[in-house]
Structures are given as C-alpha cells and as structure tokens.
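File shown: structure-v3.csv (CSV, C-alpha atoms).
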chain,number,residue,atom,x,y,z
A,4,MET,CA,-9.8,-24.0,34.1
A,5,ASN,CA,-7.2,-21.5,32.8
A,6,MET,CA,-6.2,-23.3,29.6
A,7,LEU,CA,-4.6,-21.8,26.5
A,8,VAL,CA,-7.1,-21.9,23.6
A,9,THR,CA,-5.2,-22.9,20.4
A,10,ASP,CA,-7.5,-24.8,18.1
A,11,ARG,CA,-9.3,-21.8,16.7
A,12,PRO,CA,-9.2,-18.0,16.7
A,13,LEU,CA,-11.5,-16.6,19.4
A,14,TYR,CA,-11.7,-13.1,17.9
A,15,THR,CA,-12.4,-12.1,14.3
A,16,ASP,CA,-9.1,-10.2,13.8
A,17,LEU,CA,-6.9,-13.1,14.7
A,18,VAL,CA,-4.9,-15.5,12.5
A,19,ASN,CA,-2.6,-18.4,13.7
A,20,ASN,CA,1.0,-17.6,12.8
A,21,TYR,CA,2.0,-21.3,12.4
A,22,ALA,CA,-1.1,-22.2,10.2
A,23,ALA,CA,-0.4,-19.1,8.0
A,24,PHE,CA,3.2,-20.2,7.5
A,25,GLN,CA,2.3,-23.8,6.7
A,26,LYS,CA,-0.3,-22.5,4.2
A,27,HIS,CA,2.2,-20.3,2.4
A,28,TYR,CA,5.2,-22.7,2.2
A,29,SER,CA,4.9,-26.0,0.4
A,30,GLU,CA,6.3,-29.3,1.7
A,31,SER,CA,9.0,-29.2,-1.0
A,32,ASP,CA,10.0,-25.7,0.1
A,33,LEU,CA,10.3,-26.9,3.7
A,34,LEU,CA,12.3,-30.0,2.7
A,35,GLU,CA,14.7,-27.7,0.8
A,36,TYR,CA,15.3,-25.7,4.0
A,37,GLN,CA,15.9,-28.7,6.2
A,38,GLY,CA,19.4,-28.4,7.7
A,39,LYS,CA,20.2,-25.2,5.9
A,40,TRP,CA,20.4,-23.1,9.0
A,41,GLY,CA,20.9,-23.8,12.7
A,42,ASP,CA,18.9,-22.7,15.8
A,43,ASP,CA,20.9,-22.0,18.9
A,44,SER,CA,17.9,-21.2,21.1
A,45,ASN,CA,17.2,-23.1,24.2
A,46,TYR,CA,14.3,-22.1,26.6
A,47,SER,CA,14.1,-25.2,28.7
A,48,HIS,CA,14.9,-23.2,31.8
A,49,VAL,CA,12.0,-20.8,31.2
A,50,GLN,CA,8.5,-21.3,32.7
A,51,THR,CA,6.0,-22.4,30.0
A,52,ILE,CA,2.9,-20.5,29.4
A,53,GLU,CA,0.9,-23.6,30.3
A,54,ASP,CA,2.6,-23.6,33.7
A,55,LEU,CA,1.7,-20.0,34.2
A,56,LEU,CA,-2.0,-20.6,33.4
A,57,GLU,CA,-2.3,-23.7,35.5
A,58,ASN,CA,-0.8,-22.1,38.6
A,59,LEU,CA,-2.4,-18.7,38.1
A,60,VAL,CA,-3.2,-16.5,41.2
A,61,PRO,CA,-5.0,-13.2,41.1
A,62,SER,CA,-1.9,-11.1,41.5
A,63,ASP,CA,-0.5,-12.7,38.3
A,64,LEU,CA,-3.2,-10.8,36.3
A,65,GLU,CA,-1.5,-7.5,37.1
A,66,ARG,CA,2.0,-8.4,36.2
A,67,SER,CA,4.2,-9.2,33.1
A,68,HIS,CA,5.6,-12.7,32.8
A,69,ILE,CA,8.4,-14.2,30.8
A,70,VAL,CA,7.3,-17.6,29.4
A,71,SER,CA,8.2,-20.0,26.7
A,72,VAL,CA,5.6,-20.6,24.0
A,73,ASP,CA,5.2,-23.1,21.2
A,74,ILE,CA,4.9,-21.2,17.9
A,75,ARG,CA,1.8,-23.2,16.9
A,76,ASP,CA,0.0,-21.7,19.9
A,77,ILE,CA,0.5,-18.0,18.9
A,78,PHE,CA,-2.1,-15.8,17.2
A,79,SER,CA,-1.7,-12.3,15.7
A,80,SER,CA,-4.1,-9.5,14.8
A,81,GLU,CA,-4.2,-9.3,11.0
A,82,GLU,CA,-4.6,-6.0,9.2
A,83,SER,CA,-6.4,-7.4,6.2
A,84,ILE,CA,-9.3,-8.7,8.4
A,85,GLY,CA,-9.5,-5.6,10.6
A,86,GLY,CA,-6.6,-6.1,12.9
A,87,CYS,CA,-3.6,-3.9,13.8
A,88,ASP,CA,-0.6,-6.1,12.8
A,89,ARG,CA,0.7,-7.7,9.6
A,90,PRO,CA,1.6,-11.3,10.3
A,91,LEU,CA,0.6,-12.4,6.8
A,92,TRP,CA,2.8,-9.6,5.3
A,93,SER,CA,5.9,-11.0,7.1
A,94,ILE,CA,5.2,-14.5,5.6
A,95,GLU,CA,4.0,-13.6,2.1
A,96,GLU,CA,5.7,-10.4,1.0
A,97,THR,CA,8.9,-10.6,-1.0
A,98,ALA,CA,10.6,-7.7,0.9
A,99,ALA,CA,10.0,-9.3,4.3
A,100,LYS,CA,11.2,-12.8,3.2
A,101,LYS,CA,14.2,-11.3,1.6
A,102,GLN,CA,15.3,-9.7,4.9
A,103,GLN,CA,14.6,-12.9,6.8
A,104,PHE,CA,16.7,-15.0,4.4
A,105,LYS,CA,19.5,-12.4,4.4
A,106,SER,CA,19.7,-12.5,8.2
A,107,LEU,CA,19.7,-16.3,8.3
A,108,ASN,CA,22.3,-16.6,5.5
A,109,LEU,CA,24.5,-14.1,7.2
A,110,HIS,CA,24.6,-15.8,10.6
A,111,LYS,CA,23.9,-19.4,9.4
A,112,THR,CA,21.5,-19.8,12.3
A,113,TYR,CA,18.6,-18.5,14.2
A,114,ARG,CA,20.3,-16.7,17.1
A,115,GLN,CA,18.7,-16.6,20.5
A,116,ASP,CA,20.7,-13.5,21.5
A,117,ALA,CA,19.5,-11.6,18.5
A,118,ALA,CA,15.9,-12.7,18.8
A,119,GLN,CA,15.7,-11.8,22.5
A,120,VAL,CA,12.0,-11.6,23.8
A,121,LEU,CA,8.8,-11.3,21.8
A,122,SER,CA,5.7,-9.7,23.2
A,123,GLY,CA,2.1,-10.6,23.5
A,124,MET,CA,-1.2,-10.2,25.4
A,125,LEU,CA,-3.5,-12.8,26.7
A,126,ARG,CA,-7.1,-12.2,25.7
A,127,PRO,CA,-9.8,-13.9,27.8
A,128,ASN,CA,-12.1,-16.4,26.1
A,129,PRO,CA,-15.3,-14.4,25.5
A,130,ASN,CA,-17.4,-17.6,25.5
A,131,GLY,CA,-15.9,-19.6,28.3
A,132,GLU,CA,-12.7,-20.3,30.3
A,133,GLY,CA,-9.2,-19.9,29.2
A,134,TYR,CA,-7.1,-17.4,27.2
A,135,GLN,CA,-5.7,-16.9,23.7
A,136,LEU,CA,-2.2,-15.5,23.2
A,137,VAL,CA,-2.0,-12.6,20.8
A,138,LYS,CA,1.5,-11.6,19.7
A,139,TYR,CA,2.0,-7.9,18.9
A,140,ILE,CA,5.8,-7.9,18.4
A,141,GLY,CA,7.9,-10.5,16.6
A,142,ASN,CA,6.4,-11.4,13.2
A,143,ASN,CA,9.7,-11.7,11.4
A,144,ARG,CA,11.4,-13.6,14.3
A,145,VAL,CA,8.6,-16.2,14.3
A,146,ALA,CA,8.9,-16.6,10.5
A,147,MET,CA,12.7,-16.9,10.8
A,148,LYS,CA,12.5,-19.5,13.5
A,149,LEU,CA,10.1,-21.6,11.4
A,150,LEU,CA,12.4,-21.3,8.4
A,151,ALA,CA,15.4,-22.3,10.5
A,152,ASN,CA,13.5,-25.4,11.6
A,153,ALA,CA,12.1,-26.3,8.2
A,154,GLY,CA,8.5,-25.5,9.3
A,155,VAL,CA,8.6,-27.5,12.6
A,156,SER,CA,7.0,-25.6,15.5
A,157,THR,CA,9.5,-24.9,18.3
A,158,LYS,CA,9.5,-22.6,21.3
A,159,VAL,CA,10.1,-18.9,21.5
A,160,ILE,CA,10.4,-16.7,24.6
A,161,MET,CA,7.7,-14.1,25.2
A,162,SER,CA,6.8,-11.4,27.6
A,163,VAL,CA,3.1,-11.6,28.2
A,164,LYS,CA,0.4,-9.7,30.1
A,165,PHE,CA,-3.3,-10.3,30.7
A,166,HIS,CA,-6.0,-8.2,29.3
A,167,GLU,CA,-8.9,-7.1,31.6
A,168,PRO,CA,-11.8,-9.5,31.4
A,169,SER,CA,-15.2,-8.5,29.9
A,170,GLU,CA,-13.9,-5.8,27.6
A,171,LYS,CA,-14.8,-5.5,24.0
A,172,GLN,CA,-12.6,-6.8,21.2
A,173,SER,CA,-12.0,-3.2,20.1
A,174,SER,CA,-10.6,-2.4,23.5
A,175,TYR,CA,-8.2,-5.3,23.3
A,176,MET,CA,-7.1,-4.3,19.8
A,177,ALA,CA,-6.6,-0.6,20.9
A,178,ILE,CA,-4.3,-1.7,23.7
A,179,GLU,CA,-2.3,-4.1,21.5
A,180,SER,CA,-2.2,-1.5,18.7
A,181,GLU,CA,-0.8,1.1,21.0
A,182,LEU,CA,2.0,-1.2,22.1
A,183,HIS,CA,2.6,-2.3,18.5
A,184,ALA,CA,2.6,1.4,17.3
A,185,THR,CA,5.1,2.4,20.0
A,186,ASP,CA,7.4,-0.4,18.9
A,187,ALA,CA,6.8,0.4,15.2
A,188,GLY,CA,7.7,4.0,15.8
A,189,GLU,CA,11.1,3.0,17.3
A,190,LYS,CA,12.0,0.7,14.4
A,191,SER,CA,13.1,2.1,11.0
A,192,GLY,CA,12.2,-1.2,9.5
A,193,GLN,CA,8.5,-0.6,9.9
A,194,ASN,CA,7.1,1.0,6.8
A,195,GLU,CA,4.5,3.9,6.6
A,196,ALA,CA,1.5,1.6,6.2
A,197,GLN,CA,2.5,-0.5,9.2
A,198,LYS,CA,2.9,2.5,11.4
A,199,PHE,CA,-0.3,4.1,10.2
A,200,ILE,CA,-2.5,1.0,10.6
A,201,SER,CA,-1.2,0.2,14.1
A,202,GLY,CA,-1.5,3.9,15.2
A,203,TYR,CA,-5.1,4.1,13.9
A,204,ARG,CA,-6.1,0.9,15.6
A,205,ALA,CA,-4.6,2.3,18.8
A,206,ASN,CA,-6.8,5.4,18.4
A,207,ARG,CA,-3.8,7.7,18.3
A,208,GLU,CA,-4.9,11.3,17.6
A,209,ASN,CA,-2.9,12.0,14.4
A,210,GLU,CA,-3.7,8.7,12.7
A,211,VAL,CA,-7.4,9.0,13.6
A,212,TYR,CA,-7.4,12.5,12.2
A,213,CYS,CA,-5.7,11.3,9.0
A,214,PHE,CA,-8.2,8.5,8.6
A,215,ASN,CA,-11.2,10.8,9.0
A,216,PHE,CA,-9.6,13.3,6.6
A,217,LEU,CA,-9.2,10.6,4.0
A,218,LYS,CA,-12.7,9.3,4.5
A,219,ASN,CA,-14.3,12.7,4.4
A,220,ASN,CA,-12.5,13.5,1.1
A,221,GLU,CA,-13.2,10.0,-0.3
A,222,PHE,CA,-9.7,8.7,-0.7
A,223,ASN,CA,-8.4,5.2,-0.1
A,224,TYR,CA,-5.1,4.2,1.5
A,225,ARG,CA,-4.1,0.6,1.3
A,226,THR,CA,-7.1,-1.5,2.5
A,227,ILE,CA,-8.1,0.6,5.5
A,228,MET,CA,-11.4,1.9,4.1
A,229,THR,CA,-12.5,-1.6,3.1
A,230,GLN,CA,-11.6,-3.0,6.5
A,231,GLU,CA,-13.7,-0.3,8.1
A,232,LYS,CA,-16.6,-1.1,5.8
A,233,ILE,CA,-16.9,2.4,4.4
A,234,ASP,CA,-19.7,2.6,1.8
A,235,ASP,CA,-18.6,2.8,-1.9
A,236,CYS,CA,-14.9,3.1,-1.0
A,237,GLU,CA,-14.0,0.7,-3.7
A,238,ASP,CA,-14.7,3.5,-6.2
A,239,TRP,CA,-12.4,6.0,-4.5
A,240,LEU,CA,-9.0,7.0,-5.7
A,241,THR,CA,-6.1,5.6,-3.7
A,242,LEU,CA,-3.2,7.6,-2.3
A,243,LYS,CA,0.2,5.8,-2.6
A,244,SER,CA,1.6,7.6,0.4
A,245,LEU,CA,0.4,9.6,3.4
A,246,GLN,CA,3.3,11.9,3.3
A,247,GLY,CA,2.3,15.3,4.4
A,248,ILE,CA,-1.1,14.4,5.9
A,249,LYS,CA,-0.3,11.5,8.3
A,250,ASP,CA,0.9,13.8,11.1
A,251,GLY,CA,-2.5,15.2,11.8
A,252,MET,CA,-4.2,18.5,12.2
A,253,GLY,CA,-2.0,21.6,12.0
A,254,ASN,CA,1.0,19.6,10.8
A,255,GLY,CA,2.6,18.6,7.4
A,256,HIS,CA,0.6,19.8,4.4
A,257,PHE,CA,-2.1,21.3,6.7
A,258,LYS,CA,0.5,23.7,8.2
A,259,LYS,CA,2.4,24.3,5.0
A,260,TYR,CA,-0.5,25.0,2.7
A,261,GLY,CA,-3.6,25.3,4.8
A,262,GLU,CA,-6.2,22.5,5.2
A,263,ASN,CA,-8.7,24.1,2.8
A,264,ASN,CA,-6.1,24.2,0.1
A,265,VAL,CA,-5.2,20.6,0.6
A,266,ILE,CA,-8.9,19.7,0.3
A,267,TYR,CA,-9.2,21.8,-2.9
A,268,ALA,CA,-6.2,19.9,-4.2
A,269,LEU,CA,-7.7,16.5,-3.5
A,270,ASN,CA,-11.1,17.5,-5.0
A,271,THR,CA,-9.3,18.8,-8.1
A,272,ILE,CA,-7.2,15.6,-8.4
A,273,LYS,CA,-10.4,13.5,-8.2
A,274,GLU,CA,-11.9,15.2,-11.2
A,275,LEU,CA,-8.6,15.1,-13.1
A,276,ALA,CA,-8.4,11.3,-12.5
A,277,GLN,CA,-11.7,11.0,-14.3
A,278,ILE,CA,-10.0,12.6,-17.3
A,279,THR,CA,-6.7,10.6,-17.1
A,280,GLY,CA,-8.0,7.3,-15.9
A,281,GLU,CA,-5.5,7.0,-13.1
A,282,GLU,CA,-6.5,5.1,-9.9
A,283,VAL,CA,-3.5,5.5,-7.7
A,284,ILE,CA,-2.0,8.9,-7.0
A,285,GLY,CA,1.5,9.7,-5.5
A,286,ALA,CA,2.2,12.1,-2.7
A,287,THR,CA,3.9,14.8,-4.7
A,288,PRO,CA,1.0,15.7,-7.1
A,289,VAL,CA,-1.2,16.4,-4.0
A,290,GLU,CA,1.5,18.8,-2.7
A,291,VAL,CA,2.1,20.4,-6.1
A,292,VAL,CA,-1.6,21.2,-6.6
A,293,ALA,CA,-2.0,22.4,-3.0
A,294,LEU,CA,1.0,24.7,-3.4
A,295,MET,CA,-0.7,26.3,-6.4
A,296,TYR,CA,-3.9,26.9,-4.4
A,297,SER,CA,-2.0,28.3,-1.4
A,298,ILE,CA,-0.3,30.9,-3.6
A,299,TYR,CA,-2.5,31.8,-6.5
A,300,THR,CA,-5.8,32.0,-4.6
A,301,VAL,CA,-4.2,34.0,-1.8
A,302,TYR,CA,-1.8,36.5,-3.5
A,303,GLY,CA,-2.4,39.0,-6.3
A,304,LYS,CA,-0.4,40.9,-8.9
A,305,LYS,CA,0.8,43.4,-6.3
A,306,GLU,CA,1.7,43.2,-2.6
A,307,ALA,CA,-1.2,44.5,-0.5
A,308,ASP,CA,-2.9,44.0,2.8
A,309,ASN,CA,-6.1,42.8,1.2
A,310,PRO,CA,-5.0,41.7,-2.3
A,311,THR,CA,-7.3,40.5,-5.1
A,312,PRO,CA,-6.0,37.0,-5.6
A,313,MET,CA,-5.0,35.9,-9.1
A,314,PHE,CA,-7.7,33.3,-9.0
A,315,THR,CA,-10.6,32.2,-7.0
A,316,SER,CA,-10.4,28.5,-6.0
A,317,ASP,CA,-13.1,27.7,-8.6
A,318,GLU,CA,-11.2,29.5,-11.3
A,319,LEU,CA,-8.0,27.7,-10.5
A,320,HIS,CA,-9.8,24.4,-10.4
A,321,ASP,CA,-11.3,25.2,-13.8
A,322,TYR,CA,-7.8,25.9,-15.2
A,323,PHE,CA,-6.5,22.5,-14.1
A,324,VAL,CA,-9.5,20.6,-15.6
A,325,LYS,CA,-9.1,22.5,-18.9
A,326,LEU,CA,-5.4,21.9,-19.0
A,327,PHE,CA,-5.6,18.2,-18.5
A,328,LYS,CA,-8.5,17.8,-21.0
A,329,LYS,CA,-6.4,19.6,-23.6
A,330,ARG,CA,-3.3,17.6,-22.9
A,331,GLN,CA,-5.3,14.3,-23.3
A,332,ASP,CA,-6.5,15.4,-26.8
A,333,MET,CA,-3.1,16.3,-28.2
A,334,SER,CA,-2.2,14.5,-31.4
A,335,PHE,CA,1.6,14.5,-31.0
A,336,GLY,CA,1.9,11.1,-29.3
A,337,GLU,CA,1.2,9.4,-26.1
A,338,LYS,CA,4.2,11.0,-24.3
A,339,ASP,CA,2.5,14.4,-24.5
A,340,LYS,CA,-0.5,13.3,-22.6
A,341,LEU,CA,-0.3,14.9,-19.1
A,342,LYS,CA,-1.0,12.5,-16.2
A,343,ILE,CA,-1.5,13.5,-12.6
A,344,ASN,CA,1.5,11.4,-11.6
A,345,ASP,CA,3.6,13.4,-14.0
A,346,LEU,CA,3.5,16.1,-11.3
A,347,SER,CA,6.1,14.2,-9.4
A,348,TRP,CA,9.8,14.2,-8.5
A,349,SER,CA,12.0,12.4,-11.1
A,350,GLY,CA,15.7,11.9,-11.5
A,351,GLY,CA,17.5,15.0,-10.1
A,352,VAL,CA,14.4,17.1,-10.1
A,353,LYS,CA,13.1,17.2,-6.5
A,354,ASP,CA,11.4,20.6,-6.3
A,355,ASN,CA,7.7,21.3,-6.3
A,356,ALA,CA,8.0,24.9,-7.5
A,357,TYR,CA,10.0,23.8,-10.5
A,358,ILE,CA,7.3,21.2,-11.3
A,359,CYS,CA,4.6,23.9,-11.2
A,360,ALA,CA,6.6,26.2,-13.5
A,361,ARG,CA,7.4,23.4,-15.9
A,362,GLU,CA,3.8,22.1,-16.3
A,363,PHE,CA,1.6,25.1,-15.8
A,364,TRP,CA,3.3,27.9,-17.6
A,365,PRO,CA,2.5,29.7,-19.9
A,366,THR,CA,-1.0,28.2,-20.1
A,367,ILE,CA,-2.0,29.4,-16.6
A,368,VAL,CA,-1.3,33.0,-17.7
A,369,GLN,CA,-3.3,32.6,-20.9
A,370,HIS,CA,-6.2,31.2,-18.8
A,371,TRP,CA,-6.1,34.2,-16.5
A,372,MET,CA,-6.2,36.6,-19.5
A,373,ASN,CA,-9.1,34.7,-21.0
A,374,ILE,CA,-11.3,34.9,-17.9
A,375,ARG,CA,-10.3,38.5,-17.2
A,376,GLY,CA,-10.9,39.6,-20.8
A,377,THR,CA,-7.5,41.2,-21.1
A,378,SER,CA,-4.6,41.0,-23.5
A,379,THR,CA,-2.1,41.8,-20.8
A,380,GLY,CA,-0.7,38.9,-18.8
A,381,TRP,CA,1.7,38.9,-15.8
A,382,SER,CA,5.3,38.3,-15.4
A,383,LEU,CA,8.0,37.6,-12.8
A,384,GLU,CA,7.2,40.9,-11.0
A,385,CYS,CA,3.7,39.6,-10.2
A,386,PHE,CA,3.7,39.3,-6.4
A,387,ALA,CA,2.2,35.8,-6.5
A,388,ASN,CA,5.0,34.7,-8.8
A,389,THR,CA,7.6,36.0,-6.4
A,390,LYS,CA,6.0,33.8,-3.7
A,391,LEU,CA,6.3,30.7,-6.0
A,392,LEU,CA,9.9,31.5,-6.7
A,393,LYS,CA,10.7,31.6,-3.0
A,394,LYS,CA,9.3,28.1,-2.7
A,395,CYS,CA,12.1,26.8,-5.0
A,396,MET,CA,14.6,25.2,-2.7
A,397,ASP,CA,17.1,24.3,-5.4
A,398,LYS,CA,19.2,27.2,-6.4
A,399,HIS,CA,20.2,25.5,-9.7
A,400,LEU,CA,16.5,25.0,-10.6
A,401,ALA,CA,15.6,28.5,-9.5
A,402,LYS,CA,17.0,30.0,-12.7
A,403,GLU,CA,14.7,27.8,-14.7
A,404,VAL,CA,11.7,28.6,-12.6
A,405,ARG,CA,12.4,32.3,-13.0
A,406,ALA,CA,12.7,32.0,-16.7
A,407,ALA,CA,9.5,29.9,-17.0
A,408,ILE,CA,7.3,32.3,-15.1
A,409,ALA,CA,8.9,35.6,-16.3
Write-out of the structure in structure tokens:
Amino acid sequence: MNMLVTDRPLYTDLVNNYAAFQKHYSESDLLEYQGKWGDDSNYSHVQTIEDLLENLVPSDLERSHIVSVDIRDIFSSEESIGGCDRPLWSIEETAAKKQQFKSLNLHKTYRQDAAQVLSGMLRPNPNGEGYQLVKYIGNNRVAMKLLANAGVSTKVIMSVKFHEPSEKQSSYMAIESELHATDAGEKSGQNEAQKFISGYRANRENEVYCFNFLKNNEFNYRTIMTQEKIDDCEDWLTLKSLQGIKDGMGNGHFKKYGENNVIYALNTIKELAQITGEEVIGATPVEVVALMYSIYTVYGKKEADNPTPMFTSDELHDYFVKLFKKRQDMSFGEKDKLKINDLSWSGGVKDNAYICAREFWPTIVQHWMNIRGTSTGWSLECFANTKLLKKCMDKHLAKEVRAAIA
C-alpha cells in the first residue's frame, strides 16, 4: 500500500514542521494571532498527495507532480541533527520571524500568488511500504501559513518527485541538498551558513573542499563539525565567517595569498587565541595575518629574482606570538590589550594593509633587528614594504600606511 507515513520521522535527519511550530509557539501566542491575518489560498482543485499515492502507476515514479499537502504531513531535513536544511531556524530565530511578520503585516494576509509552489521529495519507507514527504524549499512559507491560521494545519501546494528506492539516507540527502543549494544560491535571503551547509550536504566540490580544509586545520564553523562527529572538535576555535575560503581550492584567500600562507595564518591564530582567550574569530584577522605571511616570508629588502625574505615563516610566527604576549601584559589599561579580533575592519577603516601597518609597526622592525643582530632596520624603500603599500586600496589611508612603515 502506497501510504504517506506521517506519525514519525523515518530518517534520522528529519523533523516534522508542524510539530516543531507547535512546540515553539504557546497556546496564548496562537490565540493572539487568531484572526490577525487572512489566508487567500485555495487548493481544492489540486490533486492531493494521498490521491497520487493511492493511484500510483510505475510511470509516476519518473515524473514531477503538483499536489496539495496538509502541513502536518511535511517533514524537513534539519541541519542541527545532520541534515541539509534549517526548518527550526525559520521557526525559532528572531531574524526569520521578523521577516515573516513583516510580510504578513504588509499584506494583511498569506497570499497564494506570492507563496506559489513549494518543493519536496518522497523518500521511500526503508522498513516497509509507503513514503515520507521531505520538503527542501519553503520553510518560511510554511511558518507564515501556520501563523496566518493561528497554528491550524492547512494545505499548501507542492511540486514533488520520488526518490529511487533502496538508496542510502546519505544519497537522498545529497539529492535534496543539491536542489536546496541551487535554490539557496539564487536567493539573496539565504545566508552564508545556509548556503554552505546545503552545498556541503550536496557534495559540492567547493563546500567539501572548504569543510576538509577546516577539519584538517582544526577550526569549527557553526555546528558542522559536531554534526559530522569529528573527534575533539568542541575544543577547536570557531570561525565566524567563511569569507575567503568558502569558494574552494585556488579561489578566494587561496588564490590571493597562497594556501600555505592561509594555513600558517590559521596555525598562528590558534596559538594567539591561547594567549588572548578568544573562542570565535572573524574573517578579517585571518586575511590580515595571511597577508603578512604572503609578503614578508616571500619578499626581501631588495627586489631580486631569488630574494632572501624578511622572515622565515617560523620567525614571523614567533613575532606574532611575542607581540600578543607583550600586549597582554601591558599595565596601561584593558583597552591596550591586543585581541585577535582587533585585526578587523571598523568604522570607516576597511583596508587590511592599513590594519597591518597600524598594529605591527614599529615592533616588527625591532623584532627583525633583534633576530638579525643588527642596529639597522628597514624603511619604506624595503621592497617588501612597497608590496604591502600596493595592497592598500584606500588612497586616503595610503598616506598613513606610508608614514607608519617608513
């Protein structure tokens, strides 16, 4: 019998959208919303999903179908338990709810024309007959329809297809993730984390490369390492953003600074975090430190085909460690203690070269003099310095960079 299984999740990554909504909103909340908004949707003319399954013929398994579905019968793959979608985020997070209320208040109703068609896949029951409907597009629309109806489950219209039988759960997730990731990539409303998680679950090359890069360098991003059951990941630093590394091998930071220099930057930041006590690191500090490695371990005092770099990678790492230790021991007040996240854009300052010049000069020159055993430093004419100056994209800040490193 081709029934729709609705009383329990058949796969470990699934949650029921209706049950999650009812768990989050109290009875008093739902009473307050009663009659606040309208709902102009009417899908009585659309074939129900039950009719589709009851009259299923082999050729139907190869086609897409437009059906009406009761919200209480819809499941979604949840990121926090290893899935590819974020149904709980659309129900629980303030930003998502704010957008839903804004739309409902603007139009005073849940609009059928605006909602259009949601999308889902039918996963076969691994332990018997029947299917479970897994939605991969439409979290916010489901939440809005429930809000407009004060928590009462009503019908939505969906485009559905059947998965191949006898496949693994991971295969079903990969297919749904690919479809979700494609949709996420076309919608500016999807944030970085949503796009990354769905792309990774879909086994997209760039997201998989980014995940492995983070794992190999022992960095967290959101809850992805915990979901993947990576050993000891709870002790790793967390990156606030994947900016610069999410685009995969040969792109972003890897293209701009070289992958080895990005790795050196991450390893340095891990040691610095043990000094500063920080647990979450922004995107800019990674880029700032990688920029320093890409210049001062490559170029020397003079332009040459095979220059002697200003520092080896170990020497530059040693400089950063000594600088941060010294800045933690200063006795002039808390504001003088240098944190990793101080290496970030702020206000009108949005230039990495300027941040480098502001924070690392003149101490980096003195460090070089100490390890070289010389009383003579280096100035703006140093070829490596000219490379840093060229990285300053703000002509107004360039004068300050030039003055700092002169």
Notebook entry, point to check: Near range 41-55 of chain A, within 8 Å and counting only C-alpha atoms, which residues show up once chain neighbours fewer than 2 positions away are dropped, as a ChimeraX atom specification?
Noted result: /A:6-7,38-39,57-59,69-72,111-115,148,151-152,158-160
Env of Asp234 in chain A: 12 Å cut, atoms = all atoms listed in the file, seq-sep filter 6 positions within chain, self excluded. Answer as a short mmCIF file (atom, residue, chain, number, x, y, z; two decimals) with C-alpha atoms, keeping the file's coordinate frame.
data_model
loop_
_atom_site.label_atom_id
_atom_site.label_comp_id
_atom_site.auth_asym_id
_atom_site.auth_seq_id
_atom_site.Cartn_x
_atom_site.Cartn_y
_atom_site.Cartn_z
CA LYS A 218 -12.70 9.30 4.50
CA ASN A 219 -14.30 12.70 4.40
CA GLU A 221 -13.20 10.00 -0.30
CA PHE A 222 -9.70 8.70 -0.70
CA ASN A 223 -8.40 5.20 -0.10
CA MET A 228 -11.40 1.90 4.10
#
Notebook entry, point to check: A:Leu242, A:Ala293, A:Ala406, A:Cys236: which is nearest Lys259 in chain A, counting all atoms listed in the file?
Noted result: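 Going through A:Leu242, A:Ala293, A:Ala406, A:Cys236 one by one, the smallest distance to Lys259 in chain A is for A:Ala293.
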Note to self: Report as a ChimeraX atom specification all protein, DNA and RNA residues lying within 9 Å of Thr15 in chain A, evaluated on all atoms listed in the file, omitting residues in the same chain fewer than 5 positions from it.
What the structure shows: /A:80,84-86,172
Check: What is the CA of Phe314 in chain A to CA of Met372 in chain A distance in Å?
Finding: 11.1 Å
Check: Could you state the separation of CA of Val8 in chain A and CA of Ile178 in chain A in Å, given to one decimal place?
Finding: 20.4 Å
Margin query: Give me, as a list in words, all polymer residues having an atom no more than 7 Å from Asn344 in chain A, counting all atoms listed in the file and skipping those fewer than 2 positions away in the same chain.
Written below: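 Non-adjacent residues within range: Ile284, Gly285, Pro288, Lys342, Leu346 and Ser347 of chain A.
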Next item on the list: For CA of Phe216 in chain A and CA of Ala276 in chain A, quote the distance in Å rounded to one decimal.
Entry: 19.2 Å
Note to self: For Ile272 in chain A, find every residue with an atom within 12 Å (counting all atoms listed in the file), except residues of its own chain fewer than 5 positions away, and show them as a PyMOL selection string.
What the structure shows: chain A and resi 220-222+239-242+265-267+277-293+320-321+323-324+327+342-344+346
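Of the listed residues (A:Lys328, A:Arg204, A:Lys304, A:Lys232), A:Lys304 comes nearest to Val368 in chain A; the distances count all atoms listed in the file.
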